[in-house]
file entry-v6.csv (CSV, C-alpha atoms and all ligand atoms)
chain,number,residue,atom,x,y,z
A,260,MET,CA,-65.5,87.9,-52.2
A,261,THR,CA,-67.2,85.9,-55.0
A,262,PRO,CA,-67.7,88.0,-58.1
A,263,ARG,CA,-71.3,88.8,-58.7
A,264,PRO,CA,-72.9,87.7,-62.1
A,265,VAL,CA,-73.5,90.6,-64.5
A,266,LYS,CA,-76.1,90.9,-67.2
A,267,ILE,CA,-76.7,93.2,-70.1
A,268,SER,CA,-80.3,94.1,-69.4
A,269,ALA,CA,-81.2,96.6,-72.2
A,270,VAL,CA,-80.0,98.3,-75.3
A,271,GLY,CA,-80.7,101.6,-77.0
A,272,THR,CA,-79.4,103.1,-80.2
A,273,HIS,CA,-79.5,106.2,-82.4
A,274,VAL,CA,-78.2,107.0,-85.8
A,275,PRO,CA,-78.1,110.3,-87.7
A,276,GLU,CA,-80.9,111.0,-90.2
A,277,ARG,CA,-78.8,111.5,-93.3
A,278,ILE,CA,-78.1,108.4,-95.5
A,279,VAL,CA,-75.1,108.6,-97.8
A,280,THR,CA,-75.1,105.9,-100.5
A,281,ASN,CA,-72.1,104.6,-102.4
A,282,ASP,CA,-73.4,106.3,-105.5
A,283,GLU,CA,-73.4,109.6,-103.7
A,284,LEU,CA,-69.7,109.1,-102.6
A,285,SER,CA,-68.8,108.3,-106.2
A,286,LEU,CA,-69.8,111.8,-107.2
A,287,THR,CA,-66.8,113.3,-105.4
A,288,LEU,CA,-64.4,110.3,-105.0
A,289,ASP,CA,-62.8,108.1,-107.6
A,290,THR,CA,-64.8,105.0,-106.5
A,291,SER,CA,-68.0,103.1,-107.4
A,292,ASP,CA,-70.9,101.3,-105.7
A,293,GLU,CA,-69.5,98.1,-107.3
A,294,TRP,CA,-66.0,98.5,-105.8
A,295,ILE,CA,-67.3,99.5,-102.3
A,296,SER,CA,-70.0,96.8,-102.1
A,297,THR,CA,-67.9,94.0,-103.4
A,298,ARG,CA,-64.7,94.9,-101.4
A,299,SER,CA,-66.4,95.8,-98.1
A,300,GLY,CA,-70.1,94.8,-98.2
A,301,ILE,CA,-71.1,98.5,-97.4
A,302,ARG,CA,-73.9,100.1,-99.5
A,303,GLU,CA,-74.7,103.1,-97.4
A,304,ARG,CA,-73.8,104.8,-94.1
A,305,ARG,CA,-75.3,107.5,-91.8
A,306,ILE,CA,-73.5,110.8,-91.6
A,307,ALA,CA,-74.0,113.3,-88.8
A,308,ALA,CA,-75.1,116.8,-89.5
A,309,ASP,CA,-72.8,119.8,-89.2
A,310,GLY,CA,-72.4,120.5,-85.5
A,311,GLU,CA,-73.7,117.1,-84.5
A,312,ALA,CA,-71.1,115.4,-82.1
A,313,ALA,CA,-70.7,112.0,-80.5
A,314,SER,CA,-72.5,113.0,-77.3
A,315,ASP,CA,-75.6,114.2,-79.3
A,316,LEU,CA,-76.0,110.6,-80.7
A,317,GLY,CA,-74.8,108.9,-77.5
A,318,ALA,CA,-77.2,110.8,-75.2
A,319,ILE,CA,-80.2,109.6,-77.3
A,320,ALA,CA,-79.0,106.0,-77.4
A,321,ALA,CA,-78.3,106.2,-73.6
A,322,ALA,CA,-81.8,107.5,-72.8
A,323,ARG,CA,-83.4,104.8,-74.8
A,324,ALA,CA,-81.4,102.0,-73.1
A,325,LEU,CA,-82.3,103.5,-69.7
A,326,GLU,CA,-86.0,103.7,-70.6
A,327,ALA,CA,-85.9,100.1,-71.8
A,328,ALA,CA,-84.2,98.9,-68.6
A,329,SER,CA,-86.6,101.0,-66.4
A,330,VAL,CA,-83.5,102.5,-64.8
A,331,ARG,CA,-83.5,106.2,-63.7
A,332,PRO,CA,-80.4,108.2,-64.7
A,333,LYS,CA,-79.9,109.1,-61.0
A,334,ASP,CA,-79.8,105.4,-60.1
A,335,LEU,CA,-76.7,104.8,-62.3
A,336,ASP,CA,-73.4,104.2,-60.4
A,337,LEU,CA,-71.1,104.7,-63.4
A,338,ILE,CA,-71.2,105.9,-67.1
A,339,ILE,CA,-68.5,104.7,-69.5
A,340,VAL,CA,-68.3,106.1,-73.0
A,341,ALA,CA,-66.2,104.4,-75.7
A,342,SER,CA,-65.4,106.5,-78.7
A,343,LEU,CA,-62.6,107.3,-81.1
A,344,SER,CA,-64.5,110.5,-82.2
A,345,PRO,CA,-65.2,112.2,-78.8
A,346,ASP,CA,-66.7,115.7,-78.7
A,347,MET,CA,-63.4,117.1,-77.4
A,348,LEU,CA,-60.1,115.7,-76.1
A,349,PHE,CA,-61.4,116.7,-72.7
A,350,PRO,CA,-63.7,117.0,-70.8
A,351,PRO,CA,-64.9,113.4,-71.5
A,352,THR,CA,-67.8,112.8,-73.8
A,353,ALA,CA,-69.2,110.8,-70.9
A,354,SER,CA,-69.6,114.1,-69.0
A,355,PHE,CA,-71.7,115.7,-71.8
A,356,ILE,CA,-73.8,112.6,-72.0
A,357,SER,CA,-74.3,112.5,-68.3
A,358,GLY,CA,-75.5,116.1,-68.4
A,359,ARG,CA,-77.9,115.4,-71.2
A,360,ILE,CA,-79.6,112.4,-69.6
A,361,GLY,CA,-79.7,114.0,-66.1
A,362,ALA,CA,-77.2,111.8,-64.3
A,363,ASP,CA,-75.5,114.6,-62.3
A,364,GLY,CA,-73.1,113.3,-59.7
A,365,THR,CA,-72.5,109.9,-61.3
A,366,PRO,CA,-68.9,109.1,-62.1
A,367,ALA,CA,-68.4,109.3,-65.9
A,368,PHE,CA,-65.4,108.7,-68.0
A,369,ASP,CA,-64.3,107.9,-71.6
A,370,LEU,CA,-62.4,104.8,-72.6
A,371,SER,CA,-60.1,104.9,-75.6
A,372,ALA,CA,-59.5,101.6,-77.2
A,373,ALA,CA,-60.5,102.5,-80.8
A,374,CYS,CA,-63.0,100.1,-82.4
A,375,THR,CA,-62.5,97.6,-79.6
A,376,GLY,CA,-63.7,100.3,-77.1
A,377,PHE,CA,-67.2,98.9,-76.6
A,378,ILE,CA,-65.9,95.5,-75.6
A,379,TYR,CA,-63.3,97.0,-73.3
A,380,ALA,CA,-66.0,99.3,-71.8
A,381,LEU,CA,-68.2,96.2,-71.2
A,382,ALA,CA,-65.3,94.5,-69.4
A,383,THR,CA,-64.6,97.6,-67.3
A,384,GLY,CA,-68.3,98.2,-66.4
A,385,SER,CA,-69.0,94.6,-65.6
A,386,SER,CA,-65.9,94.4,-63.3
A,387,PHE,CA,-67.4,97.3,-61.3
A,388,ILE,CA,-70.6,95.3,-60.8
A,389,ALA,CA,-68.9,92.0,-60.3
A,390,SER,CA,-66.7,93.4,-57.5
A,391,GLY,CA,-69.6,95.1,-55.7
A,392,GLN,CA,-68.5,98.6,-56.5
A,393,ALA,CA,-71.6,99.4,-58.7
A,394,GLU,CA,-75.1,98.1,-59.1
A,395,LYS,CA,-76.0,99.7,-62.4
A,396,VAL,CA,-73.6,100.8,-65.2
A,397,LEU,CA,-74.3,102.6,-68.5
A,398,VAL,CA,-71.9,101.7,-71.3
A,399,VAL,CA,-72.2,103.8,-74.5
A,400,GLY,CA,-70.4,103.5,-77.8
A,401,ALA,CA,-70.9,106.8,-79.6
A,402,GLU,CA,-69.2,107.8,-82.9
A,403,VAL,CA,-69.1,110.6,-85.4
A,404,VAL,CA,-66.2,109.1,-87.4
A,405,SER,CA,-67.2,111.1,-90.4
A,406,LYS,CA,-65.6,114.2,-88.8
A,407,MET,CA,-62.3,112.3,-88.5
A,408,ILE,CA,-62.2,111.3,-92.2
A,409,ASP,CA,-60.1,112.7,-95.1
A,410,TRP,CA,-62.9,112.9,-97.6
A,411,THR,CA,-60.4,112.8,-100.5
A,412,ASP,CA,-58.9,109.4,-99.3
A,413,ARG,CA,-61.0,106.7,-101.0
A,414,GLY,CA,-59.2,104.0,-99.0
A,415,THR,CA,-60.8,105.2,-95.8
A,416,ALA,CA,-63.7,107.5,-96.7
A,417,VAL,CA,-66.0,104.8,-98.0
A,418,LEU,CA,-65.6,102.5,-95.0
A,419,PHE,CA,-66.9,104.5,-92.0
A,420,GLY,CA,-70.2,105.8,-90.7
A,421,ASP,CA,-71.8,107.5,-87.6
A,422,GLY,CA,-74.0,106.1,-84.9
A,423,ALA,CA,-74.4,105.3,-81.2
A,424,GLY,CA,-75.5,102.4,-79.1
A,425,ALA,CA,-75.8,102.0,-75.3
A,426,VAL,CA,-76.4,99.1,-72.9
A,427,VAL,CA,-77.3,98.9,-69.3
A,428,LEU,CA,-75.4,96.5,-67.1
A,429,GLU,CA,-77.0,95.1,-63.9
A,430,VAL,CA,-76.5,92.3,-61.4
A,431,ALA,CA,-77.8,89.1,-62.9
A,432,GLU,CA,-80.3,86.9,-61.1
A,433,SER,CA,-78.1,83.8,-61.2
A,434,SER,CA,-74.6,82.9,-62.3
A,435,ASP,CA,-76.0,80.8,-65.2
A,436,GLU,CA,-77.1,84.0,-66.8
A,437,GLY,CA,-75.1,87.1,-68.0
A,438,ILE,CA,-71.6,87.8,-69.1
A,439,LEU,CA,-69.5,84.7,-68.9
A,440,GLY,CA,-66.1,86.0,-69.8
A,441,PHE,CA,-63.8,88.1,-71.8
A,442,ASP,CA,-60.6,87.8,-73.9
A,443,LEU,CA,-58.9,91.2,-74.3
A,444,GLY,CA,-55.5,92.0,-75.9
A,445,ASN,CA,-53.3,94.5,-77.7
A,446,ASP,CA,-50.4,94.3,-80.0
A,447,PRO,CA,-48.4,97.5,-79.9
A,448,SER,CA,-46.2,96.5,-82.8
A,449,GLY,CA,-49.2,97.4,-85.1
A,450,ALA,CA,-49.8,100.8,-83.5
A,451,GLY,CA,-48.7,102.6,-86.7
A,452,LEU,CA,-51.2,100.7,-89.0
A,453,LEU,CA,-54.3,102.6,-88.0
A,454,LYS,CA,-54.2,106.0,-86.5
A,455,LEU,CA,-55.2,109.7,-86.3
A,456,PRO,CA,-51.7,111.2,-86.2
A,457,ALA,CA,-52.2,114.9,-85.2
A,458,GLY,CA,-54.1,116.8,-82.6
A,459,GLY,CA,-52.7,115.1,-79.6
A,460,SER,CA,-49.5,115.8,-77.7
A,461,ARG,CA,-47.3,114.1,-80.2
A,462,GLU,CA,-48.3,116.3,-83.1
A,463,PRO,CA,-50.2,119.3,-81.8
A,464,ALA,CA,-52.3,121.2,-84.4
A,465,THR,CA,-50.4,123.5,-86.7
A,466,ILE,CA,-51.2,125.0,-90.1
A,467,GLU,CA,-49.0,122.2,-91.6
A,468,THR,CA,-50.8,119.3,-89.8
A,469,VAL,CA,-54.1,120.7,-91.1
A,470,GLU,CA,-52.9,121.2,-94.6
A,471,SER,CA,-51.4,117.8,-94.8
A,472,ARG,CA,-54.6,116.3,-93.4
A,473,ARG,CA,-53.0,114.7,-90.4
A,474,HIS,CA,-56.1,115.2,-88.4
A,475,SER,CA,-57.8,112.4,-90.3
A,476,ILE,CA,-57.7,108.6,-90.0
A,477,ARG,CA,-54.7,107.0,-91.7
A,478,MET,CA,-54.8,103.2,-92.4
A,479,ASN,CA,-52.9,100.4,-93.9
A,480,GLY,CA,-56.0,98.5,-95.0
A,481,GLY,CA,-54.3,95.3,-96.2
A,482,GLU,CA,-52.4,94.8,-92.9
A,483,VAL,CA,-55.4,95.6,-90.8
A,484,PHE,CA,-57.5,93.1,-92.8
A,485,LYS,CA,-54.9,90.3,-92.2
A,486,PHE,CA,-54.8,91.2,-88.5
A,487,ALA,CA,-58.6,91.2,-88.1
A,488,THR,CA,-59.2,87.8,-89.7
A,489,ARG,CA,-56.5,86.2,-87.6
A,490,ILE,CA,-57.4,87.9,-84.3
A,491,ILE,CA,-61.1,87.3,-84.5
A,492,VAL,CA,-60.5,83.6,-84.7
A,493,SER,CA,-57.9,83.3,-82.0
A,494,SER,CA,-59.7,85.6,-79.5
A,495,CYS,CA,-63.1,83.9,-80.0
A,496,ARG,CA,-61.5,80.5,-79.5
A,497,GLU,CA,-59.8,81.7,-76.4
A,498,VAL,CA,-63.0,82.9,-74.7
A,499,LEU,CA,-64.8,79.8,-75.7
A,500,VAL,CA,-62.1,77.5,-74.3
A,501,GLN,CA,-61.9,79.6,-71.1
A,502,GLN,CA,-65.7,79.1,-70.6
A,503,GLY,CA,-65.7,75.4,-71.6
A,504,CYS,CA,-67.9,76.1,-74.6
A,505,ARG,CA,-67.7,74.9,-78.2
A,506,ILE,CA,-68.3,77.0,-81.4
A,507,GLU,CA,-71.4,74.8,-82.1
A,508,ASP,CA,-72.9,76.0,-78.8
A,509,VAL,CA,-72.9,79.7,-80.0
A,510,ASP,CA,-76.4,80.8,-81.0
A,511,LEU,CA,-75.5,84.3,-82.3
A,512,PHE,CA,-72.1,85.7,-83.5
A,513,VAL,CA,-71.9,89.5,-83.3
A,514,PRO,CA,-68.6,90.7,-84.8
A,515,HIS,CA,-67.4,94.3,-85.1
A,516,GLN,CA,-68.7,95.5,-88.5
A,517,ALA,CA,-65.7,96.6,-90.5
A,518,ASN,CA,-65.8,94.6,-93.7
A,519,ILE,CA,-68.1,91.7,-94.7
A,520,ARG,CA,-65.1,89.9,-96.2
A,521,ILE,CA,-63.4,90.1,-92.7
A,522,ILE,CA,-66.6,88.7,-91.1
A,523,ASP,CA,-67.1,86.0,-93.6
A,524,THR,CA,-63.5,84.8,-93.6
A,525,ALA,CA,-63.3,84.7,-89.8
A,526,ALA,CA,-66.7,83.0,-89.5
A,527,ARG,CA,-65.6,80.3,-92.0
A,528,LYS,CA,-62.3,79.8,-90.1
A,529,LEU,CA,-64.2,79.5,-86.8
A,530,GLY,CA,-66.6,77.1,-88.3
A,531,ILE,CA,-69.7,79.0,-87.4
A,532,ALA,CA,-72.8,78.6,-89.5
A,533,PRO,CA,-73.6,81.6,-91.7
A,534,GLU,CA,-77.2,81.9,-90.3
A,535,LYS,CA,-75.7,82.6,-86.8
A,536,VAL,CA,-73.6,85.5,-88.0
A,537,PHE,CA,-75.2,88.9,-87.5
A,538,SER,CA,-74.4,91.8,-89.8
A,539,ASN,CA,-75.9,95.2,-90.6
A,540,LEU,CA,-72.7,96.7,-92.1
A,541,GLU,CA,-74.5,97.1,-95.5
A,542,ARG,CA,-76.6,100.0,-94.0
A,543,TYR,CA,-74.1,101.6,-91.5
A,544,GLY,CA,-70.5,100.9,-92.6
A,545,ASN,CA,-67.9,100.8,-89.8
A,546,THR,CA,-69.3,102.7,-86.8
A,547,SER,CA,-66.4,101.8,-84.6
A,548,CYS,CA,-67.5,101.6,-80.9
A,549,ALA,CA,-71.2,101.8,-81.9
A,550,SER,CA,-71.2,98.8,-84.3
A,551,ILE,CA,-71.7,96.0,-81.7
A,552,PRO,CA,-74.5,97.7,-79.8
A,553,LEU,CA,-76.2,98.6,-83.1
A,554,CYS,CA,-76.1,94.9,-84.0
A,555,LEU,CA,-77.4,93.8,-80.6
A,556,ASP,CA,-80.4,96.2,-80.9
A,557,GLU,CA,-81.3,94.9,-84.3
A,558,ALA,CA,-80.8,91.3,-83.3
A,559,ALA,CA,-83.0,91.8,-80.3
A,560,ALA,CA,-85.7,93.4,-82.5
A,561,ALA,CA,-85.5,90.4,-84.8
A,562,GLY,CA,-86.0,88.0,-81.9
A,563,LYS,CA,-82.5,86.6,-82.1
A,564,ILE,CA,-81.5,87.2,-78.5
A,565,GLY,CA,-83.7,84.9,-76.5
A,566,GLN,CA,-83.6,83.6,-73.0
A,567,GLY,CA,-80.6,81.3,-72.4
A,568,GLU,CA,-79.0,81.9,-75.8
A,569,LEU,CA,-75.2,82.1,-76.1
A,570,VAL,CA,-74.0,85.3,-77.8
A,571,LEU,CA,-70.4,85.7,-78.9
A,572,MET,CA,-69.2,89.3,-79.6
A,573,VAL,CA,-65.8,90.3,-80.9
A,574,GLY,CA,-64.2,93.7,-81.5
A,575,PHE,CA,-60.9,94.7,-83.0
A,576,GLY,CA,-59.2,97.9,-84.1
A,577,ALA,CA,-56.4,100.3,-83.7
A,578,GLY,CA,-53.8,99.5,-81.1
A,579,LEU,CA,-53.9,97.0,-82.6
A,580,SER,CA,-56.4,95.9,-80.0
A,581,TRP,CA,-59.0,93.1,-79.7
A,582,GLY,CA,-61.6,91.9,-77.3
A,583,SER,CA,-64.3,89.1,-77.3
A,584,CYS,CA,-67.1,88.6,-74.9
A,585,LEU,CA,-69.3,85.5,-74.3
A,586,VAL,CA,-72.8,86.1,-72.9
A,587,ARG,CA,-75.6,83.8,-71.8
A,588,THR,CA,-78.5,86.1,-72.4
A,589,GLY,CA,-81.7,86.4,-70.3
A,590,GLY,CA,-83.2,88.4,-73.2
A,591,LEU,CA,-82.4,92.0,-74.0
A,592,LYS,CA,-84.9,94.8,-73.4
A,593,ARG,CA,-85.3,97.5,-76.0
A,594,ILE,CA,-87.9,100.1,-76.8
A,595,GLU,CA,-90.1,99.3,-79.8
A,596,GLU,CA,-90.0,102.1,-82.3
B,601,LIG,N1,-62.7,102.7,-104.7
B,601,LIG,C1,-62.0,102.2,-105.8
B,601,LIG,N2,-60.7,101.7,-105.7
B,601,LIG,C2,-60.2,101.7,-104.5
B,601,LIG,C3,-60.8,102.2,-103.3
B,601,LIG,C4,-62.1,102.7,-103.5
B,601,LIG,N3,-62.8,103.2,-102.5
B,601,LIG,N4,-60.0,102.1,-102.3
B,601,LIG,C5,-58.9,101.5,-102.7
B,601,LIG,N5,-59.0,101.3,-104.1
B,601,LIG,C6,-58.0,100.8,-105.0
B,601,LIG,C7,-56.6,100.8,-104.5
B,601,LIG,O1,-56.0,102.1,-104.7
B,601,LIG,C8,-55.9,99.7,-105.2
B,601,LIG,O2,-55.6,100.2,-106.5
B,601,LIG,P1,-54.2,99.8,-107.2
B,601,LIG,O3,-54.2,98.3,-107.3
B,601,LIG,O4,-54.3,100.5,-108.5
B,601,LIG,O5,-53.1,100.3,-106.2
B,601,LIG,C9,-57.0,98.7,-105.4
B,601,LIG,O6,-58.3,99.4,-105.1
B,601,LIG,C10,-56.9,97.5,-104.4
B,601,LIG,O7,-56.7,98.0,-103.2
B,601,LIG,P2,-56.5,97.1,-102.0
B,601,LIG,O8,-56.2,97.9,-100.7
B,601,LIG,O9,-55.7,95.9,-102.3
B,601,LIG,O10,-58.1,96.5,-101.8
B,601,LIG,P3,-58.6,95.5,-100.8
B,601,LIG,O11,-59.4,94.5,-101.6
B,601,LIG,O12,-57.6,95.0,-99.9
B,601,LIG,O13,-59.7,96.3,-100.0
B,601,LIG,C11,-60.0,97.6,-97.9
B,601,LIG,C12,-59.2,97.5,-99.3
B,601,LIG,C13,-59.5,98.8,-97.2
B,601,LIG,C14,-61.5,97.6,-98.2
B,601,LIG,C15,-59.6,96.3,-97.1
B,601,LIG,O14,-58.2,96.2,-97.1
B,601,LIG,C16,-60.1,96.4,-95.7
B,601,LIG,O15,-61.2,96.4,-95.4
B,601,LIG,N6,-59.1,96.4,-94.7
B,601,LIG,C17,-59.5,96.5,-93.3
B,601,LIG,C18,-59.9,97.9,-92.9
B,601,LIG,C19,-60.6,97.9,-91.6
B,601,LIG,O16,-61.4,97.1,-91.3
B,601,LIG,N7,-60.3,98.9,-90.8
B,601,LIG,C20,-60.9,99.2,-89.6
B,601,LIG,C21,-60.6,98.2,-88.6
B,601,LIG,S1,-61.5,98.6,-87.1
call {"tool": "encode", "arguments": {"input": "entry-v6.csv", "output": "C-alpha cells"}}
result
Amino acid sequence: MTPRPVKISAVGTHVPERIVTNDELSLTLDTSDEWISTRSGIRERRIAADGEAASDLGAIAAARALEAASVRPKDLDLIIVASLSPDMLFPPTASFISGRIGADGTPAFDLSAACTGFIYALATGSSFIASGQAEKVLVVGAEVVSKMIDWTDRGTAVLFGDGAGAVVLEVAESSDEGILGFDLGNDPSGAGLLKLPAGGSREPATIETVESRRHSIRMNGGEVFKFATRIIVSSCREVLVQQGCRIEDVDLFVPHQANIRIIDTAARKLGIAPEKVFSNLERYGNTSCASIPLCLDEAAAAGKIGQGELVLMVGFGAGLSWGSCLVRTGGLKRIEE
C-alpha cells in the first residue's frame, strides 16, 4: 500500500500566566541576568502554579489546536502526548488530556523521548495516518519542567520553563504537501549526561533520594552542548539529503529551544541565513517537548508559515536522542487571540 501524505493542519498553545525573570531568579540563586542572558539567551520563563500539571496546560493547547483545525474531539483516532514532566508515571497524561477535551474512547498514550519527544510523536502520529490506521491524530507536547528542577542548582534552574503546544495531523490533499520525512536517532552512550535519576524502578523514592534531590534534573551542560551542536547539523543534513533538498531551499528553521548559542552555532555550521532561524527562547526558556510547537504557533502568527514553504524542525535531548523533520507546509491554522 502506498503511504498516504500527512499534513500538520493546525496548532494550539498555552503557557502559564506567571512570568519569572532572570532578576527574580537572582534573588534566590547565585546568578545574574547578565550571566543567564549571555550564556543561554533566556530572559524570562513561564512557571506553572502550585497544583498545575502538564495535562492542565496540554488540554488547553489541544482544545485550541482542535478548534483551529475544525476537528471535533470525538473524530480523533489517536492522541499522543510527549512529555518529560507527566502528571504521573501512570496513567498516561494523554488519558487526562483526552478526558479534559472530551475524546472518550480514543486511543491515547504518552511517548517518552525527553526533549526530542515532540518530533518522535510527530513521526509516530504521521505513521498511523500514512499507513491508513488513522485519519486524524492529535500530538501534544506538554511540560511543567519547573516541578522537576532542583531550585538550588543554578546550572539547570535558569534554563527551563513550562508550556504546552499541540498540533493536529490529517491526510494531506497531495503528496507535494505535508511531512516529507524524518531523521530520528539515539546514542545510549550519553544516557548519563542528562537525567532525572530517582522515582522510577531503578531508584524508587526513599527519604534519601528526596533529601539528596535525586528527583530533579541532573545535567552535564558542557557535554550536552557539544552533542547538540553536532547532532543538529548532522541530523538536518541527513533529512535534507534524504528528501533531495538543499539548505538554501529551507524557508524556516525551527530548532528545539535550549540555548541560543546552540542554535546560532548549529545554524552557522549548517549555513542557514539568520533571518530564517526562528527563536522565542528569550521569553520561555527550554520548554522541552513544548518548544517546537510554541515556535510553530508564533511563526504562523507572524505569517512565516505560508503555502508551499519548506520548514525544517529539529529536536534533541536526553537519551541522548535527536530527531529532525522536513515539512512542505500548506499553511498552518491557529486561533487568533
Ligand atoms: N549563573 C552564574 N554562573 C553559573 C551558572 C549560573 N546560572 N551556571 C553555571 N555557572 C558557572 C559555573 O559554575 C562555572 O563556574 P566555574 O568556572 O567557577 O566552575 C561557570 O559558570 C561556567 O560554567 P560552564 O558550564 O562552563 O558554562 P557554559 O558557558 O558552558 O554554559 C550551560 C552552561 C549549561 C548554559 C551550557 O553548557 C548549556 O546550555 N548546555 C546545554 C544544556 C542544554 O541545552 N540542556 C538541555 C538539552 S535538551
call {"tool": "closest_residue", "arguments": {"input": "entry-v6.csv", "among": "A:Ala464, A:Val404, A:Val573, A:Val498", "to": "His515 of chain A", "atoms": "all atoms listed in the file"}}
result
A:Val573
call {"tool": "residues_near_point", "arguments": {"input": "entry-v6.csv", "point": "(-69.1, 102.5, -64.2)", "cutoff": "9 Å", "atoms": "only C-alpha atoms", "output": "count of residues only"}}
result
22
call {"tool": "residues_around", "arguments": {"input": "entry-v6.csv", "residues": "Ile521 of chain A", "least_positions_apart": "6", "cutoff": "10 Å", "atoms": "all atoms listed in the file", "output": "CSV table (one decimal) with C-alpha atoms, in the frame of the given file"}}
result
chain,number,residue,atom,x,y,z
A,299,SER,CA,-66.4,95.8,-98.1
A,300,GLY,CA,-70.1,94.8,-98.2
A,483,VAL,CA,-55.4,95.6,-90.8
A,484,PHE,CA,-57.5,93.1,-92.8
A,485,LYS,CA,-54.9,90.3,-92.2
A,486,PHE,CA,-54.8,91.2,-88.5
A,487,ALA,CA,-58.6,91.2,-88.1
A,488,THR,CA,-59.2,87.8,-89.7
A,489,ARG,CA,-56.5,86.2,-87.6
A,491,ILE,CA,-61.1,87.3,-84.5
A,514,PRO,CA,-68.6,90.7,-84.8
A,515,HIS,CA,-67.4,94.3,-85.1
call {"tool": "residues_around", "arguments": {"input": "entry-v6.csv", "residues": "segment 323-329 of chain A", "least_positions_apart": "4", "cutoff": "8 Å", "atoms": "all atoms listed in the file", "output": "list in words"}}
result
Ser268, Ala269, Val270, Gly271, Thr272, Ile319, Ala425, Val426, Val427, Lys592, Arg593 and Ile594 of chain A
call {"tool": "residues_near_ligand", "arguments": {"input": "entry-v6.csv", "ligand": "ligand LIG 601 (chain B)", "cutoff": "6 Å", "atoms": "all atoms listed in the file", "output": "count of residues only"}}
result
18
call {"tool": "atom_distance", "arguments": {"input": "entry-v6.csv", "atom1": "atom CA of Gly589 of chain A", "atom2": "atom CA of Leu529 of chain A"}}
result
25.0 Å
call {"tool": "closest_residue", "arguments": {"input": "entry-v6.csv", "among": "A:Leu316, A:Val279, A:Leu553, A:Leu499", "to": "Asp292 of chain A", "atoms": "only C-alpha atoms"}}
result
A:Val279
call {"tool": "build_atoms", "arguments": {"input": "entry-v6.csv", "residues": "segment 308-322 of chain A", "atoms": "N, CA and C atoms", "output": "CSV table (one decimal), keeping the file's coordinate frame"}}
result
chain,number,residue,atom,x,y,z
A,308,ALA,N,-75.0,115.5,-89.0
A,308,ALA,CA,-75.1,116.8,-89.5
A,308,ALA,C,-74.0,117.7,-89.0
A,309,ASP,N,-73.8,118.9,-89.7
A,309,ASP,CA,-72.8,119.8,-89.2
A,309,ASP,C,-73.1,120.2,-87.7
A,310,GLY,N,-72.1,120.2,-86.9
A,310,GLY,CA,-72.4,120.5,-85.5
A,310,GLY,C,-72.9,119.4,-84.6
A,311,GLU,N,-73.2,118.3,-85.2
A,311,GLU,CA,-73.7,117.1,-84.5
A,311,GLU,C,-72.4,116.3,-84.0
A,312,ALA,N,-72.3,116.1,-82.7
A,312,ALA,CA,-71.1,115.4,-82.1
A,312,ALA,C,-71.5,114.1,-81.5
A,313,ALA,N,-70.5,113.4,-81.1
A,313,ALA,CA,-70.7,112.0,-80.5
A,313,ALA,C,-71.7,112.0,-79.4
A,314,SER,N,-71.6,113.0,-78.5
A,314,SER,CA,-72.5,113.0,-77.3
A,314,SER,C,-74.0,113.3,-77.7
A,315,ASP,N,-74.2,113.9,-78.9
A,315,ASP,CA,-75.6,114.2,-79.3
A,315,ASP,C,-76.2,112.8,-79.7
A,316,LEU,N,-75.5,112.0,-80.3
A,316,LEU,CA,-76.0,110.6,-80.7
A,316,LEU,C,-76.0,109.7,-79.4
A,317,GLY,N,-74.9,109.8,-78.7
A,317,GLY,CA,-74.8,108.9,-77.5
A,317,GLY,C,-75.9,109.2,-76.5
A,318,ALA,N,-76.2,110.4,-76.3
A,318,ALA,CA,-77.2,110.8,-75.2
A,318,ALA,C,-78.6,110.2,-75.6
A,319,ILE,N,-78.9,110.2,-76.8
A,319,ILE,CA,-80.2,109.6,-77.3
A,319,ILE,C,-80.2,108.1,-77.1
A,320,ALA,N,-79.1,107.5,-77.5
A,320,ALA,CA,-79.0,106.0,-77.4
A,320,ALA,C,-79.1,105.7,-75.9
A,321,ALA,N,-78.4,106.4,-75.1
A,321,ALA,CA,-78.3,106.2,-73.6
A,321,ALA,C,-79.7,106.3,-73.0
A,322,ALA,N,-80.4,107.3,-73.3
A,322,ALA,CA,-81.8,107.5,-72.8
A,322,ALA,C,-82.7,106.4,-73.2
